[in-house]
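entry_0.cif follows; it contains mmCIF, C-alpha atoms, pLDDT in the B column; chains and numbers go by the auth columns.
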data_upload
loop_
_atom_site.group_PDB
_atom_site.id
_atom_site.type_symbol
_atom_site.label_atom_id
_atom_site.label_comp_id
_atom_site.label_asym_id
_atom_site.label_seq_id
_atom_site.Cartn_x
_atom_site.Cartn_y
_atom_site.Cartn_z
_atom_site.B_iso_or_equiv
_atom_site.auth_seq_id
_atom_site.auth_asym_id
ATOM 1 C CA MET A 1 -20.047 -16.910 -22.092 70.00 100 A
ATOM 2 C CA VAL A 2 -21.237 -18.420 -18.849 80.00 101 A
ATOM 3 C CA ASN A 3 -20.713 -22.142 -18.089 88.00 102 A
ATOM 4 C CA GLU A 4 -24.051 -23.827 -18.935 92.00 103 A
ATOM 5 C CA ASN A 5 -23.396 -26.828 -16.675 93.00 104 A
ATOM 6 C CA ILE A 6 -22.835 -24.673 -13.610 93.00 105 A
ATOM 7 C CA ILE A 7 -25.907 -22.559 -14.431 95.00 106 A
ATOM 8 C CA LYS A 8 -27.966 -25.751 -14.660 95.00 107 A
ATOM 9 C CA GLN A 9 -26.595 -26.882 -11.255 95.00 108 A
ATOM 10 C CA ILE A 10 -27.559 -23.513 -9.736 96.00 109 A
ATOM 11 C CA LYS A 11 -31.081 -23.735 -11.177 95.00 110 A
ATOM 12 C CA ASP A 12 -31.471 -27.346 -9.994 95.00 111 A
ATOM 13 C CA TYR A 13 -30.306 -26.363 -6.496 95.00 112 A
ATOM 14 C CA ALA A 14 -32.826 -23.487 -6.451 95.00 113 A
ATOM 15 C CA GLU A 15 -35.679 -25.801 -7.405 95.00 114 A
ATOM 16 C CA LEU A 16 -34.663 -28.489 -4.940 96.00 115 A
ATOM 17 C CA ASN A 17 -34.253 -26.037 -2.046 95.00 116 A
ATOM 18 C CA ASN A 18 -37.185 -23.732 -2.826 92.00 117 A
ATOM 19 C CA VAL A 19 -34.937 -20.736 -3.472 94.00 118 A
ATOM 20 C CA PRO A 20 -36.781 -18.193 -5.605 91.00 119 A
ATOM 21 C CA ILE A 21 -34.580 -17.212 -8.537 94.00 120 A
ATOM 22 C CA MET A 22 -35.506 -14.991 -11.441 94.00 121 A
ATOM 23 C CA MET A 23 -37.610 -16.480 -14.244 93.00 122 A
ATOM 24 C CA ASP A 24 -35.822 -17.049 -17.560 94.00 123 A
ATOM 25 C CA GLU A 25 -37.794 -14.423 -19.472 96.00 124 A
ATOM 26 C CA SER A 26 -37.195 -11.821 -16.749 97.00 125 A
ATOM 27 C CA ILE A 27 -33.427 -12.347 -16.571 97.00 126 A
ATOM 28 C CA ASN A 28 -33.197 -12.466 -20.388 97.00 127 A
ATOM 29 C CA PHE A 29 -35.073 -9.163 -20.619 98.00 128 A
ATOM 30 C CA ILE A 30 -32.764 -7.574 -18.018 98.00 129 A
ATOM 31 C CA MET A 31 -29.634 -8.897 -19.753 98.00 130 A
ATOM 32 C CA LYS A 32 -30.810 -7.365 -23.041 98.00 131 A
ATOM 33 C CA TYR A 33 -31.570 -4.091 -21.213 98.00 132 A
ATOM 34 C CA ILE A 34 -28.026 -4.074 -19.757 98.00 133 A
ATOM 35 C CA LYS A 35 -26.523 -4.650 -23.213 98.00 134 A
ATOM 36 C CA ASP A 36 -28.739 -2.107 -25.019 98.00 135 A
ATOM 37 C CA ASN A 37 -28.090 0.606 -22.426 97.00 136 A
ATOM 38 C CA ASN A 38 -24.359 -0.076 -22.008 97.00 137 A
ATOM 39 C CA ILE A 39 -24.726 -0.625 -18.246 98.00 138 A
ATOM 40 C CA LYS A 40 -21.469 -1.295 -16.389 98.00 139 A
ATOM 41 C CA ASN A 41 -22.144 -0.845 -12.654 98.00 140 A
ATOM 42 C CA ILE A 42 -24.989 -2.735 -11.018 98.00 141 A
ATOM 43 C CA LEU A 43 -26.337 -2.899 -7.463 98.00 142 A
ATOM 44 C CA GLU A 44 -28.567 -5.866 -6.675 98.00 143 A
ATOM 45 C CA ILE A 45 -30.729 -6.004 -3.567 98.00 144 A
ATOM 46 C CA GLY A 46 -31.311 -9.701 -2.865 97.00 145 A
ATOM 47 C CA THR A 47 -28.585 -12.060 -4.061 96.00 146 A
ATOM 48 C CA ALA A 48 -30.294 -15.331 -3.154 96.00 147 A
ATOM 49 C CA ILE A 49 -27.776 -17.897 -4.497 97.00 148 A
ATOM 50 C CA GLY A 50 -26.146 -15.570 -7.022 97.00 149 A
ATOM 51 C CA TYR A 51 -28.016 -16.657 -10.156 97.00 150 A
ATOM 52 C CA SER A 52 -29.141 -13.237 -11.442 97.00 151 A
ATOM 53 C CA ALA A 53 -25.812 -11.563 -10.561 98.00 152 A
ATOM 54 C CA ILE A 54 -23.947 -14.277 -12.493 97.00 153 A
ATOM 55 C CA MET A 55 -26.269 -13.958 -15.489 97.00 154 A
ATOM 56 C CA MET A 56 -25.997 -10.150 -15.526 98.00 155 A
ATOM 57 C CA SER A 57 -22.205 -10.321 -15.291 97.00 156 A
ATOM 58 C CA SER A 58 -22.158 -12.595 -18.346 97.00 157 A
ATOM 59 C CA VAL A 59 -23.425 -9.791 -20.619 97.00 158 A
ATOM 60 C CA ASP A 60 -19.981 -8.172 -20.749 97.00 159 A
ATOM 61 C CA SER A 61 -16.603 -8.734 -19.114 96.00 160 A
ATOM 62 C CA ASP A 62 -16.418 -5.120 -17.851 97.00 161 A
ATOM 63 C CA ILE A 63 -19.634 -5.260 -15.812 98.00 162 A
ATOM 64 C CA PHE A 64 -19.232 -4.994 -12.041 98.00 163 A
ATOM 65 C CA ILE A 65 -21.942 -6.001 -9.586 98.00 164 A
ATOM 66 C CA THR A 66 -22.434 -5.351 -5.886 98.00 165 A
ATOM 67 C CA THR A 67 -25.082 -7.627 -4.443 98.00 166 A
ATOM 68 C CA ILE A 68 -26.579 -7.786 -0.938 98.00 167 A
ATOM 69 C CA GLU A 69 -28.026 -10.845 0.828 97.00 168 A
ATOM 70 C CA ARG A 70 -29.137 -11.180 4.450 97.00 169 A
ATOM 71 C CA ASP A 71 -29.768 -14.928 4.563 96.00 170 A
ATOM 72 C CA GLU A 72 -26.543 -16.672 5.611 97.00 171 A
ATOM 73 C CA LYS A 73 -27.222 -20.016 3.908 96.00 172 A
ATOM 74 C CA ARG A 74 -28.062 -18.339 0.589 96.00 173 A
ATOM 75 C CA TYR A 75 -25.129 -15.942 0.896 97.00 174 A
ATOM 76 C CA LEU A 76 -22.682 -18.847 1.378 97.00 175 A
ATOM 77 C CA GLU A 77 -24.209 -20.726 -1.572 97.00 176 A
ATOM 78 C CA ALA A 78 -23.899 -17.578 -3.727 97.00 177 A
ATOM 79 C CA LEU A 79 -20.266 -17.219 -2.669 97.00 178 A
ATOM 80 C CA LYS A 80 -19.616 -20.812 -3.734 97.00 179 A
ATOM 81 C CA ASN A 81 -21.331 -20.323 -7.125 96.00 180 A
ATOM 82 C CA ILE A 82 -19.469 -17.089 -7.856 97.00 181 A
ATOM 83 C CA LYS A 83 -16.121 -18.734 -6.973 96.00 182 A
ATOM 84 C CA LYS A 84 -16.926 -21.726 -9.200 95.00 183 A
ATOM 85 C CA LEU A 85 -17.262 -19.334 -12.143 96.00 184 A
ATOM 86 C CA LYS A 86 -14.196 -17.270 -11.084 96.00 185 A
ATOM 87 C CA LEU A 87 -16.244 -14.076 -10.867 97.00 186 A
ATOM 88 C CA GLU A 88 -15.025 -12.901 -7.438 96.00 187 A
ATOM 89 C CA ASP A 89 -13.263 -9.896 -8.967 97.00 188 A
ATOM 90 C CA ARG A 90 -16.460 -8.736 -10.700 98.00 189 A
ATOM 91 C CA ILE A 91 -19.228 -9.649 -8.245 98.00 190 A
ATOM 92 C CA GLN A 92 -18.916 -8.257 -4.729 98.00 191 A
ATOM 93 C CA LEU A 93 -21.154 -9.950 -2.169 98.00 192 A
ATOM 94 C CA ILE A 94 -22.288 -8.201 0.986 98.00 193 A
ATOM 95 C CA TYR A 95 -23.749 -10.336 3.769 98.00 194 A
ATOM 96 C CA HIS A 96 -26.105 -7.917 5.546 97.00 195 A
ATOM 97 C CA ASP A 97 -29.638 -6.591 5.695 97.00 196 A
ATOM 98 C CA ALA A 98 -29.779 -4.150 2.761 97.00 197 A
ATOM 99 C CA LEU A 99 -31.612 -1.557 4.870 97.00 198 A
ATOM 100 C CA ASP A 100 -28.546 -1.348 7.143 97.00 199 A
ATOM 101 C CA VAL A 101 -25.962 -1.132 4.341 97.00 200 A
ATOM 102 C CA LYS A 102 -24.357 2.203 3.505 97.00 201 A
ATOM 103 C CA LEU A 103 -22.859 2.543 0.051 98.00 202 A
ATOM 104 C CA GLU A 104 -20.938 5.451 -1.466 96.00 203 A
ATOM 105 C CA ASP A 105 -20.697 4.234 -5.072 97.00 204 A
ATOM 106 C CA THR A 106 -23.035 5.131 -7.897 98.00 205 A
ATOM 107 C CA TYR A 107 -24.669 2.554 -10.136 98.00 206 A
ATOM 108 C CA ASP A 108 -26.126 2.640 -13.656 98.00 207 A
ATOM 109 C CA LEU A 109 -28.674 0.047 -12.622 98.00 208 A
ATOM 110 C CA ILE A 110 -30.214 -1.000 -9.318 98.00 209 A
ATOM 111 C CA LEU A 111 -32.125 -4.292 -9.275 98.00 210 A
ATOM 112 C CA ILE A 112 -34.588 -4.777 -6.415 98.00 211 A
ATOM 113 C CA ASP A 113 -35.411 -8.454 -5.926 95.00 212 A
ATOM 114 C CA ALA A 114 -35.623 -8.973 -2.170 90.00 213 A
ATOM 115 C CA ALA A 115 -38.333 -8.805 0.527 84.00 214 A
ATOM 116 C CA LYS A 116 -41.331 -7.504 -1.449 86.00 215 A
ATOM 117 C CA ALA A 117 -42.785 -5.655 1.546 87.00 216 A
ATOM 118 C CA GLN A 118 -39.636 -3.484 1.648 94.00 217 A
ATOM 119 C CA ASN A 119 -39.517 -2.489 -2.044 96.00 218 A
ATOM 120 C CA GLN A 120 -40.336 1.164 -1.415 97.00 219 A
ATOM 121 C CA LYS A 121 -37.805 1.425 1.431 97.00 220 A
ATOM 122 C CA PHE A 122 -35.112 -0.117 -0.779 98.00 221 A
ATOM 123 C CA PHE A 123 -35.988 2.272 -3.608 98.00 222 A
ATOM 124 C CA GLN A 124 -35.881 5.346 -1.373 97.00 223 A
ATOM 125 C CA LYS A 125 -32.728 4.274 0.425 98.00 224 A
ATOM 126 C CA PHE A 126 -30.611 3.471 -2.633 98.00 225 A
ATOM 127 C CA GLU A 127 -31.860 5.969 -5.219 97.00 226 A
ATOM 128 C CA LYS A 128 -29.147 8.346 -3.968 97.00 227 A
ATOM 129 C CA ASN A 129 -26.662 5.794 -5.348 98.00 228 A
ATOM 130 C CA LEU A 130 -28.240 5.867 -8.800 98.00 229 A
ATOM 131 C CA ALA A 131 -26.287 7.544 -11.588 97.00 230 A
ATOM 132 C CA PRO A 132 -27.992 10.372 -13.508 95.00 231 A
ATOM 133 C CA ARG A 133 -30.310 8.781 -16.097 94.00 232 A
ATOM 134 C CA GLY A 134 -29.868 5.475 -14.255 98.00 233 A
ATOM 135 C CA THR A 135 -32.540 2.786 -13.930 98.00 234 A
ATOM 136 C CA ILE A 136 -34.152 0.941 -11.034 98.00 235 A
ATOM 137 C CA ILE A 137 -35.662 -2.415 -11.985 98.00 236 A
ATOM 138 C CA THR A 138 -38.053 -4.189 -9.609 97.00 237 A
ATOM 139 C CA ASP A 139 -38.987 -7.855 -10.034 96.00 238 A
ATOM 140 C CA ASN A 140 -42.190 -9.667 -8.948 91.00 239 A
ATOM 141 C CA MET A 141 -44.537 -6.755 -9.584 93.00 240 A
ATOM 142 C CA GLN A 142 -47.380 -9.222 -10.266 90.00 241 A
ATOM 143 C CA PHE A 143 -46.465 -11.346 -7.261 84.00 242 A
ATOM 144 C CA HIS A 144 -47.533 -14.690 -8.784 76.00 243 A
ATOM 145 C CA GLY A 145 -50.631 -13.089 -10.306 80.00 244 A
ATOM 146 C CA LEU A 146 -52.008 -12.080 -6.891 81.00 245 A
ATOM 147 C CA VAL A 147 -51.660 -8.328 -7.522 79.00 246 A
ATOM 148 C CA GLU A 148 -54.426 -8.544 -10.152 78.00 247 A
ATOM 149 C CA GLN A 149 -56.748 -10.421 -7.772 71.00 248 A
ATOM 150 C CA GLU A 150 -59.259 -8.886 -5.421 67.00 249 A
ATOM 151 C CA ASN A 151 -57.797 -8.786 -1.907 66.00 250 A
ATOM 152 C CA LYS A 152 -60.840 -10.517 -0.419 67.00 251 A
ATOM 153 C CA ASP A 153 -60.088 -13.583 -2.595 72.00 252 A
ATOM 154 C CA ILE A 154 -56.725 -14.090 -0.888 74.00 253 A
ATOM 155 C CA LYS A 155 -57.251 -16.284 2.174 77.00 254 A
ATOM 156 C CA SER A 156 -54.091 -15.621 4.190 84.00 255 A
ATOM 157 C CA ARG A 157 -53.927 -12.321 6.089 84.00 256 A
ATOM 158 C CA ASN A 158 -50.122 -12.098 5.760 86.00 257 A
ATOM 159 C CA LEU A 159 -50.340 -12.680 2.033 84.00 258 A
ATOM 160 C CA ARG A 160 -53.063 -10.011 1.724 85.00 259 A
ATOM 161 C CA GLN A 161 -50.806 -7.506 3.507 87.00 260 A
ATOM 162 C CA LEU A 162 -47.893 -8.404 1.247 87.00 261 A
ATOM 163 C CA VAL A 163 -49.992 -8.016 -1.904 86.00 262 A
ATOM 164 C CA ARG A 164 -51.278 -4.663 -0.618 89.00 263 A
ATOM 165 C CA LYS A 165 -47.664 -3.496 -0.146 91.00 264 A
ATOM 166 C CA VAL A 166 -46.792 -4.506 -3.714 91.00 265 A
ATOM 167 C CA LYS A 167 -49.862 -2.570 -4.933 91.00 266 A
ATOM 168 C CA ASP A 168 -48.862 0.458 -2.819 94.00 267 A
ATOM 169 C CA TYR A 169 -45.364 0.277 -4.271 96.00 268 A
ATOM 170 C CA LYS A 170 -46.804 0.217 -7.790 95.00 269 A
ATOM 171 C CA THR A 171 -48.772 3.387 -6.970 95.00 270 A
ATOM 172 C CA PHE A 172 -45.619 4.973 -5.486 97.00 271 A
ATOM 173 C CA LEU A 173 -43.750 4.296 -8.744 97.00 272 A
ATOM 174 C CA GLU A 174 -46.576 5.607 -10.926 96.00 273 A
ATOM 175 C CA LYS A 175 -46.780 8.839 -8.921 97.00 274 A
ATOM 176 C CA ASN A 176 -43.011 9.386 -8.690 97.00 275 A
ATOM 177 C CA ILE A 177 -42.400 12.286 -11.077 96.00 276 A
ATOM 178 C CA ARG A 178 -38.602 11.986 -10.884 97.00 277 A
ATOM 179 C CA TYR A 179 -38.813 8.680 -12.749 98.00 278 A
ATOM 180 C CA GLU A 180 -40.487 7.348 -15.837 97.00 279 A
ATOM 181 C CA THR A 181 -41.790 3.895 -14.924 98.00 280 A
ATOM 182 C CA LYS A 182 -42.954 1.235 -17.344 97.00 281 A
ATOM 183 C CA LEU A 183 -44.495 -2.022 -16.184 96.00 282 A
ATOM 184 C CA TYR A 184 -43.779 -5.114 -18.248 96.00 283 A
ATOM 185 C CA ASN A 185 -45.847 -8.284 -18.244 94.00 284 A
ATOM 186 C CA ILE A 186 -42.702 -10.415 -18.321 94.00 285 A
ATOM 187 C CA GLY A 187 -42.001 -13.302 -15.946 92.00 286 A
ATOM 188 C CA ASP A 188 -43.577 -12.313 -12.637 92.00 287 A
ATOM 189 C CA GLY A 189 -43.833 -8.656 -13.721 94.00 288 A
ATOM 190 C CA LEU A 190 -41.020 -6.121 -14.033 97.00 289 A
ATOM 191 C CA ALA A 191 -41.047 -2.401 -13.295 97.00 290 A
ATOM 192 C CA ILE A 192 -38.424 -0.355 -15.161 98.00 291 A
ATOM 193 C CA SER A 193 -38.032 3.064 -13.531 98.00 292 A
ATOM 194 C CA ARG A 194 -35.715 5.402 -15.392 98.00 293 A
ATOM 195 C CA LYS A 195 -34.418 8.509 -13.653 97.00 294 A
ATOM 196 C CA LEU A 196 -35.434 11.646 -15.540 95.00 295 A
#

Render the structure in this file as structure tokens.
Amino acid sequence: MVNENIIKQIKDYAELNNVPIMMDESINFIMKYIKDNNIKNILEIGTAIGYSAIMMSSVDSDIFITTIERDEKRYLEALKNIKKLKLEDRIQLIYHDALDVKLEDTYDLILIDAAKAQNQKFFQKFEKNLAPRGTIITDNMQFHGLVEQENKDIKSRNLRQLVRKVKDYKTFLEKNIRYETKLYNIGDGLAISRKL
């Protein structure tokens, strides 16, 4: 079981420093999915401060996670949190832009929770690392409820472009015949894409 005090410290740090970490119901759903599907090898795109990697690793002691973060401050904070919980042998951190990382391993699960505008690129780049019948989970599919809104109602041009990219990604998933994708109205919206 994971140390509740340290988890609380991580969550407090995230709130204080405006670091987006996964919502409770989203991470709980993913942890149950990992348990139910006997997932052992996970690739996470977007470590932030290590919260979701730590939570996923707590499902079972034989789960191994590779997680990629490009922001130095967050990467160093994640490193600190993972060391505090003595998980260095089970969570491997890579400090790099995920789009420039080359991996040879295969993973039962790939979690995409990084720059939303790059979701499709991440999916297409790393699906070659997905085990047969593996799953790609994408967080923030509702993007704070903005995906359901009319684009004209969103004032900021950058935000409109970002929301459009999330919508385009949703369409890409729905049309991708190599995967069966289900969208869940959990947390900020999860897409579960299972390789057929």

Interatomic distance (Å, one decimal) between atom CA of A:Ile164 and atom CA of A:Ile133
12.0 Å

Please measure the separation of atom CA of A:Val262 and atom CA of A:Ala213, giving the value in Å to one decimal.
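Rounded to one decimal, the two atoms are 14.4 Å apart.
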
Counting all atoms listed in the file, the option among A:Glu279, A:Glu226, A:Asp135, A:Glu103 closest to A:Leu184
A:Glu103

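Of the residues listed (A:Ala214, A:Met100, A:Val200, A:Ala113), A:Met100 shows the shortest atom-to-atom separation from A:Met155; distances use all atoms listed in the file.
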
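With only C-alpha atoms as the basis for measurement, A:Ile144 is the residue among A:Leu289, A:Ala230, A:Met121, A:Ile144 that approaches A:Thr166 most closely.
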
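Distance annotation: of A:Gly233, A:Lys139, A:Tyr194, A:Asp199, the residue with the minimal separation from A:Lys172 is A:Tyr194; atom set is all atoms listed in the file.
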
Residue nearest A:Asn275 among A:Ser125, A:Ser255, A:Thr146, A:Gln219 (counting all atoms listed in the file)
A:Gln219

What lies within 9 Å of stretch 116-119 of chain A using all atoms listed in the file, ignoring chain neighbours under 6 positions off, as a PyMOL selection string?
chain A and resi 147-148+173

Write out the residues from the selection above, keeping C-alpha atoms, as an mmCIF file, in the coordinates of the input.
data_model
loop_
_atom_site.group_PDB
_atom_site.id
_atom_site.type_symbol
_atom_site.label_atom_id
_atom_site.label_comp_id
_atom_site.auth_asym_id
_atom_site.auth_seq_id
_atom_site.Cartn_x
_atom_site.Cartn_y
_atom_site.Cartn_z
ATOM 1 C CA ALA A 147 -30.294 -15.331 -3.154
ATOM 2 C CA ILE A 148 -27.776 -17.897 -4.497
ATOM 3 C CA ARG A 173 -28.062 -18.339 0.589
#

Since I can't run it myself right now, could you work out what the PyMOL selection byres ((chain A and resi 149) around 12) selects here and report it as a ChimeraX atom specification?
/A:105-106,109-110,112-113,118-121,143-148,150-156,164-168,172-184,186-187,190-193,212

How would you write, as an NGL selection string, the residues chosen by the PyMOL selection byres ((chain A and resi 243) around 10) on this structure?
:A and (239-242 or 244-247 or 262 or 286-288)

Would you mind exporting the chosen residues as an mmCIF file, keeping the file's coordinate frame, restricted to C-alpha atoms?
data_model
loop_
_atom_site.group_PDB
_atom_site.id
_atom_site.type_symbol
_atom_site.label_atom_id
_atom_site.label_comp_id
_atom_site.auth_asym_id
_atom_site.auth_seq_id
_atom_site.Cartn_x
_atom_site.Cartn_y
_atom_site.Cartn_z
ATOM 1 C CA ASN A 239 -42.190 -9.667 -8.948
ATOM 2 C CA MET A 240 -44.537 -6.755 -9.584
ATOM 3 C CA GLN A 241 -47.380 -9.222 -10.266
ATOM 4 C CA PHE A 242 -46.465 -11.346 -7.261
ATOM 5 C CA GLY A 244 -50.631 -13.089 -10.306
ATOM 6 C CA LEU A 245 -52.008 -12.080 -6.891
ATOM 7 C CA VAL A 246 -51.660 -8.328 -7.522
ATOM 8 C CA GLU A 247 -54.426 -8.544 -10.152
ATOM 9 C CA VAL A 262 -49.992 -8.016 -1.904
ATOM 10 C CA GLY A 286 -42.001 -13.302 -15.946
ATOM 11 C CA ASP A 287 -43.577 -12.313 -12.637
ATOM 12 C CA GLY A 288 -43.833 -8.656 -13.721
#

Pick from A:Ser157, A:Arg232, A:Asp170, A:Glu114 nearest to A:Leu208, counting all atoms listed in the file:
A:Arg232

For atom CA of A:Leu282 and atom CA of A:Ile253, quote the distance in Å rounded to one decimal.
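We find that atom CA of A:Leu282 and atom CA of A:Ile253 lie 23.0 Å from each other.
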
Could you pull the residues within 9 Å of A:Ile291, counting only C-alpha atoms, minus those fewer than 5 positions along the same chain, as a VMD selection string?
chain A and resid 234 to 237 279 to 283

Residue members of the PyMOL selection byres ((chain A and resi 203) around 10) in the file shown, as number ranges by chain:
A: 201-202, 204-206, 225, 227-228
